$ cat upload-v5.txt   # compact mmCIF, C-alpha atoms
# COMPACT_ATOMS: atom_id res chain seq x y z
CA MET A 1 36.89 48.65 -0.70
CA THR A 2 34.69 46.03 0.98
CA PRO A 3 35.62 45.51 4.65
CA ALA A 4 36.67 42.06 5.77
CA PRO A 5 33.82 40.01 7.31
CA ASP A 6 33.77 39.32 11.05
CA GLN A 7 33.64 35.60 10.23
CA PRO A 8 35.01 33.71 7.20
CA PHE A 9 32.59 33.49 4.31
CA ARG A 10 30.74 30.19 3.92
CA ALA A 11 28.70 28.67 1.11
CA LEU A 12 25.09 29.86 1.06
CA THR A 13 22.34 27.74 2.57
CA GLY A 14 21.49 24.95 0.18
CA MET A 15 24.72 25.38 -1.77
CA ARG A 16 27.88 23.35 -1.23
CA ASP A 17 31.42 22.83 -2.44
CA VAL A 18 32.21 19.52 -4.14
CA LEU A 19 35.81 18.53 -3.48
CA ALA A 20 37.96 15.67 -4.74
CA PRO A 21 37.55 12.73 -4.85
CA GLU A 22 33.77 13.31 -4.99
CA SER A 23 34.18 15.77 -7.86
CA ALA A 24 35.99 13.10 -9.88
CA ARG A 25 33.17 10.64 -9.19
CA ARG A 26 30.62 13.10 -10.56
CA ARG A 27 32.67 13.54 -13.73
CA ALA A 28 32.90 9.78 -14.07
CA LEU A 29 29.12 9.43 -13.71
CA VAL A 30 28.53 11.99 -16.47
CA ALA A 31 31.07 10.18 -18.67
CA ARG A 32 29.30 6.82 -18.15
CA PHE A 33 25.97 8.44 -18.93
CA ALA A 34 27.31 10.10 -22.09
CA ALA A 35 28.83 6.84 -23.33
CA THR A 36 25.52 5.04 -22.78
CA VAL A 37 23.26 7.47 -24.62
CA GLU A 38 25.70 8.30 -27.42
CA LEU A 39 25.50 4.65 -28.48
CA ALA A 40 21.90 5.48 -29.42
CA GLY A 41 22.81 8.55 -31.49
CA TYR A 42 22.29 11.26 -28.86
CA ARG A 43 24.61 14.26 -29.03
CA GLU A 44 25.40 16.81 -26.35
CA VAL A 45 23.65 20.18 -26.08
CA GLN A 46 24.68 22.94 -23.67
CA PRO A 47 21.90 25.50 -23.13
CA PRO A 48 22.78 28.67 -21.20
CA LEU A 49 22.49 28.89 -17.44
CA VAL A 50 20.34 32.03 -17.66
CA GLU A 51 17.22 32.40 -19.83
CA GLU A 52 14.42 34.91 -20.18
CA LEU A 53 11.96 34.34 -17.38
CA GLY A 54 9.18 33.54 -19.87
CA VAL A 55 10.94 30.36 -20.97
CA PHE A 56 10.39 28.83 -17.54
CA LEU A 57 6.96 30.35 -16.93
CA ARG A 58 5.77 27.84 -19.56
CA MET A 59 6.39 25.16 -16.94
CA GLY A 60 3.08 26.25 -15.43
CA GLU A 61 2.31 29.10 -13.06
CA ALA A 62 0.58 26.65 -10.72
CA THR A 63 3.84 24.80 -9.99
CA ASP A 64 6.01 25.40 -6.94
CA VAL A 65 9.03 25.83 -9.20
CA VAL A 66 7.49 28.90 -10.82
CA THR A 67 5.61 30.36 -7.86
CA LYS A 68 8.27 30.20 -5.15
CA GLU A 69 11.45 28.35 -6.12
CA MET A 70 12.95 30.17 -9.13
CA TYR A 71 15.88 32.53 -8.81
CA ASP A 72 14.65 35.33 -11.07
CA PHE A 73 15.87 38.90 -11.30
CA GLU A 74 16.14 41.90 -13.59
CA ASP A 75 19.22 41.96 -15.79
CA ARG A 76 21.25 45.16 -16.18
CA ASP A 77 19.47 45.90 -19.46
CA GLY A 78 16.05 45.55 -17.82
CA THR A 79 15.28 42.04 -19.10
CA ARG A 80 13.57 39.76 -16.60
CA VAL A 81 15.71 36.60 -16.44
CA ALA A 82 16.03 33.46 -14.32
CA LEU A 83 18.65 30.92 -13.39
CA ARG A 84 17.42 27.72 -14.94
CA PRO A 85 15.46 25.50 -12.53
CA GLU A 86 15.56 22.62 -15.05
CA LEU A 87 16.96 21.96 -18.52
CA THR A 88 14.05 20.75 -20.66
CA ALA A 89 12.56 24.19 -21.31
CA GLY A 90 15.95 25.60 -22.35
CA VAL A 91 16.61 22.67 -24.69
CA VAL A 92 13.22 23.12 -26.35
CA ARG A 93 13.86 26.86 -26.66
CA ALA A 94 17.13 26.01 -28.45
CA PHE A 95 15.22 23.68 -30.77
CA VAL A 96 12.73 26.41 -31.65
CA GLN A 97 15.52 28.94 -32.21
CA HIS A 98 17.91 26.83 -34.31
CA HIS A 99 15.52 24.57 -36.30
CA PRO A 100 17.68 21.42 -36.24
CA THR A 101 16.79 18.39 -38.36
CA THR A 102 14.33 16.08 -36.65
CA PRO A 103 14.41 13.80 -34.85
CA TRP A 104 16.66 15.93 -32.68
CA LYS A 105 18.21 13.56 -30.15
CA VAL A 106 20.30 15.31 -27.49
CA TRP A 107 21.72 14.73 -24.03
CA TYR A 108 22.84 17.21 -21.41
CA SER A 109 24.43 17.61 -18.03
CA GLY A 110 24.40 20.75 -15.99
CA THR A 111 23.60 22.67 -12.84
CA ASN A 112 20.13 23.98 -12.01
CA PHE A 113 18.90 26.24 -9.21
CA ARG A 114 15.76 26.10 -7.07
CA HIS A 115 15.16 27.93 -3.79
CA GLU A 116 13.61 24.98 -2.02
CA ARG A 117 14.08 23.53 1.45
CA PRO A 118 17.47 21.79 1.55
CA GLN A 119 17.44 18.16 2.61
CA ARG A 120 19.52 15.05 2.13
CA GLY A 121 20.23 14.63 -1.58
CA ARG A 122 18.44 17.86 -2.48
CA TYR A 123 20.21 21.20 -2.71
CA ARG A 124 19.37 24.61 -4.11
CA SER A 125 22.18 24.12 -6.61
CA PHE A 126 21.93 20.65 -8.14
CA GLU A 127 23.18 18.77 -11.17
CA GLN A 128 21.16 16.69 -13.60
CA VAL A 129 21.85 14.52 -16.61
CA GLY A 130 19.16 13.78 -19.16
CA VAL A 131 18.03 13.39 -22.74
CA GLU A 132 15.43 15.03 -24.96
CA VAL A 133 14.07 13.98 -28.36
CA LEU A 134 11.96 16.35 -30.44
CA GLY A 135 10.06 15.78 -33.65
CA VAL A 136 8.84 12.17 -33.31
CA ASP A 137 5.45 10.80 -32.26
CA ASP A 138 6.11 7.09 -31.79
CA PRO A 139 5.57 5.00 -28.64
CA ASP A 140 8.69 2.99 -29.54
CA LEU A 141 10.69 6.17 -28.96
CA ASP A 142 9.20 6.34 -25.47
CA VAL A 143 10.53 2.82 -24.96
CA GLU A 144 14.00 3.80 -26.21
CA VAL A 145 14.19 6.81 -23.90
CA ILE A 146 13.10 4.85 -20.84
CA ALA A 147 15.46 1.98 -21.67
CA LEU A 148 18.39 4.40 -21.94
CA ALA A 149 17.73 5.72 -18.45
CA TRP A 150 17.53 2.14 -17.21
CA ALA A 151 20.84 1.31 -18.91
CA SER A 152 22.43 4.41 -17.35
CA PHE A 153 21.68 3.09 -13.88
CA ALA A 154 23.17 -0.28 -14.79
CA ALA A 155 26.30 1.48 -16.12
CA ILE A 156 27.14 2.76 -12.61
CA GLY A 157 26.17 -0.49 -10.91
CA LEU A 158 22.74 0.42 -9.51
CA ARG A 159 20.45 -2.60 -9.21
CA GLN A 160 17.82 -1.66 -6.61
CA VAL A 161 15.88 0.68 -8.90
CA ARG A 162 12.19 0.44 -9.81
CA LEU A 163 10.53 1.97 -12.84
CA LEU A 164 7.02 3.40 -12.44
CA VAL A 165 5.06 4.25 -15.59
CA ASN A 166 1.71 5.86 -16.31
CA SER A 167 -0.11 7.73 -19.04
CA LEU A 168 -1.67 11.17 -18.63
CA GLY A 169 -3.49 10.80 -21.94
CA GLU A 170 -3.99 13.45 -24.59
CA HIS A 171 -4.49 17.13 -23.72
CA GLU A 172 -8.24 16.69 -23.52
CA ASP A 173 -7.89 13.52 -21.43
CA ARG A 174 -5.68 15.27 -18.89
CA ASP A 175 -8.01 18.28 -18.73
CA ARG A 176 -11.03 16.06 -18.05
CA TYR A 177 -9.08 14.06 -15.49
CA ASN A 178 -7.89 17.23 -13.79
CA GLU A 179 -11.46 18.43 -13.39
CA ALA A 180 -12.59 15.06 -12.04
CA VAL A 181 -9.76 15.06 -9.49
CA ARG A 182 -10.58 18.65 -8.51
CA ASP A 183 -14.24 17.78 -7.97
CA HIS A 184 -13.29 14.68 -5.96
CA PHE A 185 -11.04 16.55 -3.53
CA LEU A 186 -13.44 19.50 -3.26
CA ALA A 187 -16.13 17.07 -2.15
CA ARG A 188 -13.76 15.78 0.55
CA ARG A 189 -12.05 19.04 1.42
CA SER A 190 -12.95 18.63 5.08
CA GLU A 191 -10.38 15.80 5.17
CA LEU A 192 -7.57 17.97 3.78
CA GLY A 193 -5.12 20.12 5.68
CA GLU A 194 -4.30 23.73 4.90
CA ALA A 195 -1.27 22.81 2.74
CA SER A 196 -3.29 20.33 0.73
CA LEU A 197 -6.08 22.83 0.15
CA ALA A 198 -3.49 25.26 -1.24
CA THR A 199 -2.20 22.53 -3.57
CA LEU A 200 -5.75 21.76 -4.65
CA LYS A 201 -6.28 25.37 -5.63
CA ARG A 202 -3.07 25.53 -7.67
CA ASN A 203 -2.80 22.06 -9.19
CA PRO A 204 -5.23 19.30 -8.21
CA LEU A 205 -3.15 16.52 -9.80
CA ARG A 206 -0.30 17.22 -7.41
CA LEU A 207 -2.47 16.04 -4.53
CA LEU A 208 -2.19 12.53 -5.96
CA ASP A 209 1.48 12.65 -4.88
CA SER A 210 0.63 13.67 -1.33
CA LYS A 211 2.42 11.71 1.40
CA ARG A 212 0.52 13.44 4.21
CA PRO A 213 -1.22 10.81 6.40
CA GLU A 214 -4.42 12.88 6.63
CA ASP A 215 -4.75 12.84 2.82
CA ALA A 216 -4.37 9.08 2.44
CA GLY A 217 -8.08 8.22 2.38
CA ALA A 218 -9.04 10.88 -0.14
CA VAL A 219 -6.08 10.04 -2.37
CA ALA A 220 -6.85 6.31 -2.34
CA ALA A 221 -10.44 6.99 -3.43
CA ALA A 222 -9.52 9.48 -6.19
CA PRO A 223 -10.47 8.78 -9.83
CA ARG A 224 -7.98 6.79 -11.90
CA ILE A 225 -6.50 8.18 -15.10
CA GLU A 226 -7.08 5.00 -17.11
CA ASP A 227 -10.81 5.69 -16.96
CA PHE A 228 -10.25 8.95 -18.86
CA LEU A 229 -7.85 7.82 -21.60
CA SER A 230 -8.97 8.15 -25.21
CA PRO A 231 -8.63 5.02 -27.41
CA ALA A 232 -5.54 6.52 -29.08
CA ALA A 233 -3.86 7.31 -25.76
CA ALA A 234 -4.69 3.87 -24.37
CA ALA A 235 -3.21 2.20 -27.47
CA HIS A 236 -0.07 4.35 -27.18
CA PHE A 237 0.41 3.34 -23.55
CA GLU A 238 -0.13 -0.34 -24.32
CA ARG A 239 2.55 -0.19 -27.03
CA VAL A 240 4.97 1.38 -24.54
CA GLN A 241 4.34 -1.43 -22.06
CA ASP A 242 4.78 -4.09 -24.76
CA GLY A 243 8.09 -2.52 -25.77
CA LEU A 244 9.43 -2.44 -22.21
CA ARG A 245 8.55 -6.11 -21.80
CA ALA A 246 10.29 -6.93 -25.08
CA LEU A 247 13.47 -5.16 -23.91
CA GLU A 248 13.20 -6.82 -20.50
CA VAL A 249 12.97 -3.53 -18.66
CA PRO A 250 10.88 -4.30 -15.54
CA PHE A 251 8.19 -1.76 -14.67
CA GLU A 252 5.13 -1.14 -12.55
CA VAL A 253 2.06 0.74 -13.75
CA ALA A 254 1.45 3.52 -11.21
CA PRO A 255 -2.02 5.06 -11.77
CA ARG A 256 -1.31 7.86 -9.27
CA LEU A 257 1.93 8.92 -10.94
CA VAL A 258 1.70 12.45 -12.35
CA ARG A 259 4.41 14.90 -13.32
CA GLY A 260 4.20 18.28 -11.63
CA LEU A 261 4.88 20.38 -14.72
CA ASP A 262 1.97 21.44 -16.91
CA TYR A 263 3.48 20.45 -20.23
CA TYR A 264 3.54 16.65 -19.64
CA ARG A 265 1.17 14.48 -21.68
CA ARG A 266 0.74 10.75 -22.36
CA THR A 267 3.72 8.65 -21.20
CA THR A 268 5.10 9.65 -17.81
CA PHE A 269 7.60 7.71 -15.74
CA GLU A 270 9.71 7.86 -12.60
CA PHE A 271 12.63 5.91 -11.16
CA VAL A 272 12.86 5.17 -7.44
CA ALA A 273 15.82 3.72 -5.55
CA ASP A 274 14.68 1.19 -2.98
CA ALA A 275 18.01 1.48 -1.16
CA LEU A 276 17.04 5.02 -0.07
CA ASP A 277 14.42 6.15 2.42
CA ALA A 278 10.97 6.13 0.85
CA ALA A 279 10.51 9.89 1.30
CA GLN A 280 13.72 10.65 -0.62
CA ASN A 281 13.98 7.79 -3.10
CA ALA A 282 13.03 9.44 -6.42
CA ILE A 283 16.20 9.62 -8.52
CA GLY A 284 14.77 10.75 -11.86
CA GLY A 285 11.85 10.78 -14.22
CA GLY A 286 10.37 12.23 -17.34
CA GLY A 287 7.71 11.89 -19.96
CA ARG A 288 6.15 13.32 -23.09
CA TYR A 289 5.68 17.05 -23.30
CA ASP A 290 3.90 17.53 -26.62
CA GLY A 291 3.03 21.20 -26.96
CA LEU A 292 6.00 22.76 -25.17
CA ALA A 293 7.69 23.87 -28.42
CA GLU A 294 4.48 25.61 -29.46
CA ASP A 295 4.28 27.32 -26.07
CA LEU A 296 7.80 28.66 -26.68
CA GLY A 297 6.94 30.16 -30.07
CA GLY A 298 7.63 27.24 -32.38
CA SER A 299 5.51 24.92 -34.46
CA PRO A 300 3.64 22.08 -32.75
CA THR A 301 6.34 19.46 -32.06
CA ASP A 302 6.26 16.16 -30.23
CA GLY A 303 8.84 15.72 -27.49
CA ILE A 304 9.95 13.30 -24.81
CA GLY A 305 12.81 13.17 -22.33
CA PHE A 306 13.99 12.52 -18.81
CA ALA A 307 16.21 14.08 -16.17
CA LEU A 308 18.15 12.17 -13.54
CA GLY A 309 19.38 13.75 -10.32
CA VAL A 310 23.12 13.27 -9.91
CA ASP A 311 23.08 13.76 -6.12
CA ARG A 312 20.31 11.23 -5.58
CA MET A 313 21.95 8.74 -7.94
CA LEU A 314 25.20 8.94 -5.99
CA LEU A 315 23.36 8.56 -2.68
CA ALA A 316 21.78 5.40 -4.11
CA CYS A 317 25.24 4.22 -5.17
CA ASP A 318 26.48 4.73 -1.61
CA ALA A 319 23.50 2.83 -0.24
CA GLU A 320 24.22 -0.09 -2.59
CA ALA A 321 28.01 0.19 -2.07
CA VAL A 322 28.69 0.62 -5.80
CA PHE A 323 30.50 3.23 -7.92
CA PRO A 324 32.73 4.49 -5.09
CA ALA A 325 34.75 7.68 -5.20
CA GLN A 326 38.33 6.95 -6.13
CA ASP A 327 41.14 9.43 -5.60
CA GLU A 328 43.77 7.87 -7.84
CA GLY A 329 46.33 10.62 -7.36
CA VAL A 330 49.34 10.93 -9.65
CA ASP A 331 51.59 8.23 -11.05
CA VAL A 332 54.91 9.77 -10.09
CA PHE A 333 56.18 12.21 -7.47
CA VAL A 334 59.59 13.81 -7.95
CA VAL A 335 61.72 14.34 -4.83
CA ASP A 336 64.44 16.86 -5.63
CA LEU A 337 67.19 17.65 -3.13
CA THR A 338 69.28 19.69 -5.55
CA GLY A 339 67.41 22.98 -5.72
CA GLY A 340 64.24 22.21 -7.67
CA ALA A 341 65.37 22.50 -11.30
CA ALA A 342 65.50 18.73 -11.73
CA ALA A 343 61.94 18.39 -10.41
CA ARG A 344 60.76 21.18 -12.68
CA ASP A 345 62.21 19.54 -15.78
CA LEU A 346 61.29 15.94 -14.91
CA THR A 347 57.64 16.68 -14.13
CA HIS A 348 57.34 18.60 -17.40
CA GLU A 349 58.81 15.70 -19.42
CA LEU A 350 56.61 13.14 -17.71
CA ARG A 351 53.42 15.14 -18.18
CA SER A 352 54.29 15.75 -21.84
CA ALA A 353 54.55 11.97 -22.21
CA GLY A 354 51.11 11.43 -20.64
CA VAL A 355 52.30 10.48 -17.15
CA ALA A 356 50.61 12.19 -14.18
CA ALA A 357 53.42 13.72 -12.16
CA ASP A 358 53.78 16.15 -9.27
CA ARG A 359 56.48 17.61 -7.04
CA ARG A 360 56.88 19.65 -3.89
CA PHE A 361 57.46 23.36 -4.27
CA GLY A 362 59.60 25.36 -1.89
CA GLY A 363 62.12 22.59 -1.29
CA GLY A 364 62.28 20.69 1.98
CA SER A 365 64.11 17.76 3.52
CA MET A 366 64.03 14.21 2.16
CA LYS A 367 61.62 13.26 4.96
CA SER A 368 59.17 16.09 4.30
CA GLN A 369 59.22 15.54 0.53
CA MET A 370 58.64 11.80 0.95
CA LYS A 371 55.62 12.58 3.15
CA SER A 372 54.29 14.72 0.32
CA ALA A 373 54.96 11.89 -2.12
CA ASP A 374 53.00 9.46 0.03
CA ARG A 375 50.04 11.87 0.39
CA SER A 376 49.95 12.35 -3.38
CA GLY A 377 48.99 8.72 -3.92
CA ALA A 378 51.83 8.27 -6.41
CA ARG A 379 52.95 4.76 -7.30
CA PHE A 380 56.57 5.78 -7.76
CA ALA A 381 58.93 8.39 -6.38
CA LEU A 382 61.80 9.69 -8.47
CA LEU A 383 64.68 10.73 -6.22
CA VAL A 384 67.25 13.27 -7.37
CA GLY A 385 70.08 14.06 -4.94
CA GLU A 386 73.55 15.41 -5.51
CA ASP A 387 74.94 11.92 -6.26
CA GLU A 388 72.20 11.20 -8.86
CA LEU A 389 72.64 14.61 -10.43
CA ALA A 390 76.41 14.11 -10.78
CA ALA A 391 75.97 10.61 -12.23
CA GLY A 392 73.22 11.63 -14.67
CA GLN A 393 70.77 9.24 -13.00
CA VAL A 394 67.46 9.17 -11.15
CA THR A 395 66.55 6.70 -8.39
CA VAL A 396 63.14 5.04 -8.82
CA ARG A 397 61.41 3.97 -5.59
CA ASP A 398 58.24 1.84 -5.59
CA LEU A 399 55.83 3.44 -3.08
CA ARG A 400 53.03 0.88 -3.36
CA GLY A 401 54.92 -2.40 -3.81
CA ASP A 402 58.02 -4.20 -2.63
CA ALA A 403 60.24 -3.83 -5.71
CA PRO A 404 63.76 -2.68 -4.74
CA GLN A 405 64.69 0.85 -5.70
CA SER A 406 67.06 1.20 -8.61
CA GLY A 407 68.96 3.82 -10.54
CA VAL A 408 67.92 4.74 -14.07
CA ALA A 409 69.77 6.88 -16.60
CA ARG A 410 68.29 10.37 -16.75
CA ASP A 411 67.39 10.13 -20.43
CA GLU A 412 65.64 6.77 -19.91
CA VAL A 413 63.40 7.78 -17.01
CA VAL A 414 60.23 8.39 -19.05
CA ALA A 415 60.54 5.07 -20.88
CA GLU A 416 61.19 3.24 -17.60
CA ILE A 417 58.12 4.76 -15.94
CA HIS A 418 55.97 3.82 -18.95
CA ARG A 419 57.30 0.26 -18.68
CA ARG A 420 56.53 0.01 -14.99
CA LEU A 421 53.07 1.49 -15.43
CA GLY A 422 52.33 -0.80 -18.35
CA THR A 423 51.56 2.14 -20.62
$ encode --input "upload-v5.txt" --output "structure tokens"
Amino acid sequence: MTPAPDQPFRALTGMRDVLAPESARRRALVARFAATVELAGYREVQPPLVEELGVFLRMGEATDVVTKEMYDFEDRDGTRVALRPELTAGVVRAFVQHHPTTPWKVWYSGTNFRHERPQRGRYRSFEQVGVEVLGVDDPDLDVEVIALAWASFAAIGLRQVRLLVNSLGEHEDRDRYNEAVRDHFLARRSELGEASLATLKRNPLRLLDSKRPEDAGAVAAAPRIEDFLSPAAAAHFERVQDGLRALEVPFEVAPRLVRGLDYYRRTTFEFVADALDAAQNAIGGGGRYDGLAEDLGGSPTDGIGFALGVDRMLLACDAEAVFPAQDEGVDVFVVDLTGGAAARDLTHELRSAGVAADRRFGGGSMKSQMKSADRSGARFALLVGEDELAAGQVTVRDLRGDAPQSGVARDEVVAEIHRRLGT
């Protein structure tokens, strides 16, 4: 038997409990997102929370996610597994395993885990929503995917969002660009700090994202990706930009924008919320990841998708004063002064009829039960005392308005509540 701790247990560092009404707001956000993308033919996929470690190693062993942020461990049967740090790799693994008809257009929501430094809007356990499409090589699909993310922000009222787009070119283009960036920073390594030199060794492109003041000069002078794009990649990117203009999705071309995972190619994009501090304003992004299915054991397959951070999106909502948390409570609270049987039966009937209803357990005085009714947020209280019970009636009291209370026949209570609620 495990002894009791000296102090109460608390959530682990970087983890947190999400309580109502915030939990309801998160569900509402996912519902808005689902409604938006399902209009475009996307259907939900639910990959497992735990995968073989190799699935996520394909993200690139030079990335922080793989080298120091993943929660990986040996399963009881000796398999090396990991809690998912993101959802794209698991979705592509599912595609390779199940061979669905292409184009495979899916959306997801779910929790991921990364052992990174906790900060505002970033936790070690975090939720994302996103989409993936596999099996299509068409720049107009890139436009559709980006436009759906843009529409998802509008669906929750966000307006102060900017879209940054770039192209990383074909595989060969990115490889040549990577070498040019490496050579550039090696030539100026005396300007870089120890952390930046470590990044340069692992993944030179990530230095283009550096916000360290000492790196600013070297970053500003770094080669630009557009000088390395093949004609086909340049034409693809131009078509994406034309499509975004046609759909009136505003964007900025960001030549320094790179995605940190190795599998990204061609179109890459990011959304930033200007209502948040600049250092913490990225709320989502994505891009093409042609080649990931092949890395996971499948046939070469084109793919594109995005992931949006739920925590950051809600912080942006707070900053813009939109999509507030709403604790609507129940519709009806039953106050029973006759022993509890009336409350038991009434709440059951109301719930069966689609009315949210609650009661107080353990009895209590009229005053204490009415306090519970008020805390519940209910619009109406149903009062059952000895007089009502004897007369076969229930008293209806309006808790949120000024309508006078009135008696209603017991067998007409459900219909009366529906009438008053307008349902």
$ residues_around --input "upload-v5.txt" --residues "Lys367 of chain A" --least-positions-apart "4" --cutoff "12 Å" --atoms "only C-alpha atoms" --output "list in words"
Val335, Asp336, Leu337, Arg360, Gly363, Lys371, Ser372, Ala373, Asp374 and Leu383 of chain A
$ atom_distance --input "upload-v5.txt" --atom1 "atom CA of Ala356 of chain A" --atom2 "atom CA of Thr423 of chain A"
12.0 Å
$ residues_around --input "upload-v5.txt" --residues "Asp215 of chain A" --least-positions-apart "2" --cutoff "8 Å" --atoms "only C-alpha atoms" --output "NGL selection string"
:A and (191-193 or 196 or 210-213 or 217-219)
$ residues_around --input "upload-v5.txt" --residues "Gly407 of chain A" --least-positions-apart "2" --cutoff "10 Å" --atoms "all atoms listed in the file" --output "compact mmCIF listing (two decimals) with C-alpha atoms, in the frame of the given file"
# COMPACT_ATOMS: atom_id res chain seq x y z
CA LEU A 382 61.80 9.69 -8.47
CA LEU A 383 64.68 10.73 -6.22
CA GLU A 388 72.20 11.20 -8.86
CA ALA A 391 75.97 10.61 -12.23
CA GLY A 392 73.22 11.63 -14.67
CA GLN A 393 70.77 9.24 -13.00
CA VAL A 394 67.46 9.17 -11.15
CA THR A 395 66.55 6.70 -8.39
CA VAL A 396 63.14 5.04 -8.82
CA ARG A 397 61.41 3.97 -5.59
CA GLN A 405 64.69 0.85 -5.70
CA ALA A 409 69.77 6.88 -16.60
CA ARG A 410 68.29 10.37 -16.75
CA VAL A 413 63.40 7.78 -17.01
$ closest_atom_pairs --input "upload-v5.txt" --of "segment 26-125 of chain A" --to "segment 137-143 of chain A" --cutoff "12 Å" --atoms "only C-alpha atoms" --output "JSON lines"
{"residue": "A:Ala40", "atom": "CA", "partner": "A:Leu141", "partner_atom": "CA", "distance": 11.2}
{"residue": "A:Thr102", "atom": "CA", "partner": "A:Asp137", "partner_atom": "CA", "distance": 11.2}
{"residue": "A:Pro103", "atom": "CA", "partner": "A:Asp137", "partner_atom": "CA", "distance": 9.8}
{"residue": "A:Lys105", "atom": "CA", "partner": "A:Leu141", "partner_atom": "CA", "distance": 10.6}
$ closest_residue --input "upload-v5.txt" --among "A:Val334, A:Tyr177, A:His348, A:Ala82" --to "Met366 of chain A" --atoms "all atoms listed in the file"
A:Val334
$ residues_around --input "upload-v5.txt" --residues "Leu164 of chain A" --least-positions-apart "4" --cutoff "6 Å" --atoms "all atoms listed in the file" --output "list in words"
Phe251, Glu252, Val253, Ala254, Phe269 and Glu270 of chain A
$ atom_distance --input "upload-v5.txt" --atom1 "atom CA of Ala353 of chain A" --atom2 "atom CA of Asp327 of chain A"
21.5 Å
$ closest_residue --input "upload-v5.txt" --among "A:Val249, A:Ala282, A:Leu389, A:Ala221" --to "Ala149 of chain A" --atoms "all atoms listed in the file"
A:Val249
$ atom_distance --input "upload-v5.txt" --atom1 "atom CA of Asp295 of chain A" --atom2 "atom CA of Pro204 of chain A"
21.8 Å
$ axis_aligned_box --input "upload-v5.txt" --around "segment 124-134 of chain A" --padding-each-side "8 Å" --output "JSON"
{"center_x": 17.6, "center_y": 19.0, "center_z": -17.3, "size_x": 27.2, "size_y": 27.2, "size_z": 42.3}
$ closest_residue --input "upload-v5.txt" --among "A:Thr13, A:Ile156, A:Arg58, A:Gln46" --to "Ala325 of chain A" --atoms "all atoms listed in the file"
A:Ile156
